[in-house]
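Visitor: Below is the structure I would like to discuss, written out as C-alpha cells.
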Amino acid sequence: MQLQDLFSPEELEQLLERKERYKTLFYRNRVLMGLLIYQGLKPQEMALLSLEDISLGAGTIYIKPTATTNNRTLSLKPGQILLIYSYLHSVRPQLLKSHDSDALLIGHRGQPMSADDIVKHVIRSYRNMYPGREVTAQSIRGSVIANLLVQGHDISVVQRFAGHKYPSSTERYKQSQVEVLKAAIEQYHPMK
C-alpha cells in the first residue's frame with residue numbers, strides 16, 4: 001500500500017457526497033459506500049452480507065468470515081441505520097423486482113451484487129474524484145485501517161475491527177511519522 005494513495009477521513013467522507021444519476025440507486029450506493037468507509041469491509045465480505053446480518057435495533061452488522069478474515073460484529077454509525085432502514089424498506093424491494101434474495105446489496109438487474117460488481121462500481125463511479133489517485137475498494141479499506149492506527153487506536157482493536165487473522169496483517173498499515181512526512185512531500189512536492 002503506497003502511503004500517498006491513502007485517503008484522509010475527510011476525503012473518505014467526500015466520497016459519500018457523490019451525486020447519483022438514478023434515484024433508486026442512491027440509497028443502495030450510499031449503503032455500499034458507508035460499509036466501505038465506516039466499517040472498512042472487503043468487497044467479498046459485502047457480497048456475503050444477508051438481511052439477517054443486519055440488526056438495526058442494536059445498530060450492528062455481523063460480518064461472516066472469509067478465507068482471509070475473521071468473523072466480527074461491528075457497530076453502525078447512526079446515519080447508516082436510517083439509511084439502511086430506508087434502503088431495506090423502500091428501495092431494495094424495487095431493485096429486486098420479481099426476484100427473491102436475502103442478499104443485502106442488490107444490483108440494478110435485481111440480482112445480488114458480487115464482489116466483482118462492487119469493485120467495478122467503486123472504480124467506475126469514483127475514477128475522476130481525486131485526479132492522480134485511484135479510488136478503489138482496497139484503497140478505501142486501507143485508508144480506514146491506517147487512519148484508525150494514526151488516531152492512536154490499539155493495534156489489537158484495529159486487528160479485530162479489520163478482521164485480520166494475524167497482527168502482522170494490521171501492522172502493515174502502521175506508519176511512522178517519517179513515512180507520513182515523506183508521503184506528504186511526495187504528494188505536494190513530487191520529485192519528477
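Labels for the C-alpha cells follow display order: chains A, B, ..., residues from 1 in each chain, ligands from 1.
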Give me every strand (DSSP E) residue in range 18-124 of chain A, going by DSSP on the backbone, as number ranges by chain.
Guide: A: 54-55, 60-63, 72-75
Visitor: So which residues touch Leu96 in chain A within 10 Å, counting only C-alpha atoms, skipping near sequence neighbours fewer than 6 positions away, as a list in words?
Guide: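 Once the adjacent positions are removed, what remains is Leu105, Ile106, Gly107, His108, Arg109, Gly110, Gln111 and Pro112 of chain A.
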Visitor: With C-alpha atoms kept, could you save the residues just selected as a JSON list (two decimals), in the first residue's frame?
Guide:
```json
[["chain", "number", "residue", "atom", "x", "y", "z"],
["A", 105, "LEU", "CA", -26.81, -5.47, -1.79],
["A", 106, "ILE", "CA", -28.89, -5.84, -4.93],
["A", 107, "GLY", "CA", -27.76, -4.80, -8.42],
["A", 108, "HIS", "CA", -29.87, -2.80, -10.85],
["A", 109, "ARG", "CA", -30.97, -6.00, -12.61],
["A", 110, "GLY", "CA", -32.44, -7.50, -9.44],
["A", 111, "GLN", "CA", -29.59, -9.90, -8.68],
["A", 112, "PRO", "CA", -27.28, -9.87, -5.63]]
```
Visitor: Can you list every residue of range 99-148 of chain A that has an atom at most 8 Å from range 37-51 of chain A, with its nearest atom pair and the distance in Å to one decimal, using only C-alpha atoms, ordered by chain then number, as CSV?
Guide:
```
residue,atom,partner,partner_atom,distance
A:Asp102,CA,A:Ser50,CA,5.4
A:Ala103,CA,A:Ser50,CA,4.3
A:Leu104,CA,A:Ser50,CA,4.8
A:Leu105,CA,A:Ala47,CA,7.0
A:Pro112,CA,A:Ala47,CA,7.6
A:Met113,CA,A:Ala47,CA,6.1
A:Ser114,CA,A:Ala47,CA,5.2
A:Ala115,CA,A:Pro43,CA,4.7
A:Asp116,CA,A:Pro43,CA,7.5
A:Ile118,CA,A:Pro43,CA,6.0
A:Val119,CA,A:Pro43,CA,6.6
A:Ala137,CA,A:Pro43,CA,6.9
A:Gln138,CA,A:Lys42,CA,7.3
A:Ile140,CA,A:Ile37,CA,6.5
A:Arg141,CA,A:Gly40,CA,4.6
A:Gly142,CA,A:Gly40,CA,7.8
A:Val144,CA,A:Gly40,CA,5.8
A:Ile145,CA,A:Gly40,CA,7.1
```
Visitor: Give me the residues within 8 Å of range 164-174 of chain A as a PyMOL selection string, counting only C-alpha atoms and dropping any in the same chain fewer than 2 places off.
Guide: chain A and resi 1+68-70+142+145-146+149-150+155-156+158-162+176
Visitor: What lies within 12 Å of Gly79 in chain A using only C-alpha atoms, ignoring chain neighbours under 2 positions off, as a PDB file with C-alpha atoms, in the first residue's frame?
Guide:
```
ATOM      1  CA  LEU A  16     -20.390   9.914   0.182  1.00  0.00           C
ATOM      2  CA  ARG A  30     -24.775   5.132  -0.057  1.00  0.00           C
ATOM      3  CA  VAL A  31     -25.226   1.897   1.929  1.00  0.00           C
ATOM      4  CA  GLY A  34     -20.899   3.560   4.008  1.00  0.00           C
ATOM      5  CA  LEU A  35     -19.904  -0.064   4.612  1.00  0.00           C
ATOM      6  CA  TYR A  38     -17.174   3.304   8.126  1.00  0.00           C
ATOM      7  CA  LEU A  56     -30.902  -2.045  13.144  1.00  0.00           C
ATOM      8  CA  GLY A  59     -27.093  -0.820  15.496  1.00  0.00           C
ATOM      9  CA  SER A  75     -21.256  -1.021  15.096  1.00  0.00           C
ATOM     10  CA  LEU A  76     -23.128   1.030  12.535  1.00  0.00           C
ATOM     11  CA  LYS A  77     -22.982   4.834  12.564  1.00  0.00           C
ATOM     12  CA  ILE A  81     -29.012   2.976  10.494  1.00  0.00           C
ATOM     13  CA  LEU A  82     -31.577   5.355   9.000  1.00  0.00           C
ATOM     14  CA  LEU A  83     -30.094   4.975   5.528  1.00  0.00           C
ATOM     15  CA  ILE A  84     -30.132   1.160   5.708  1.00  0.00           C
ATOM     16  CA  TYR A  85     -33.708   1.227   7.054  1.00  0.00           C
ATOM     17  CA  SER A  86     -34.856   3.328   4.077  1.00  0.00           C
TER      18      SER A  86
END
```
Visitor: Which residues in chain A does DSSP call alpha helix (DSSP H)? List them as a ChimeraX atom specification.
Guide: /A:9-15,23-39,43-47,78-86,92-96,115-126,137-150,155-162,167-171,177-188
Visitor: When distances are computed from only C-alpha atoms, which of A:Arg18, A:Arg72, A:Lys23, A:Lys120 shows the smallest separation from Gln94 in chain A?
Guide: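 When distances to Gln94 in chain A are compared using only C-alpha atoms, the smallest one comes from A:Lys23.
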Visitor: Could you jot down the CA of Val135 in chain A to CA of His121 in chain A separation for me, Å, one decimal place?
Guide: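 Separation of CA of Val135 in chain A and CA of His121 in chain A: 10.7 Å.
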Visitor: Show me, as a PyMOL selection string, the residues that have an atom within 8 Å of Ser143 in chain A when counting only C-alpha atoms, minus same-chain residues fewer than 6 positions from it.
Guide: chain A and resi 6-8
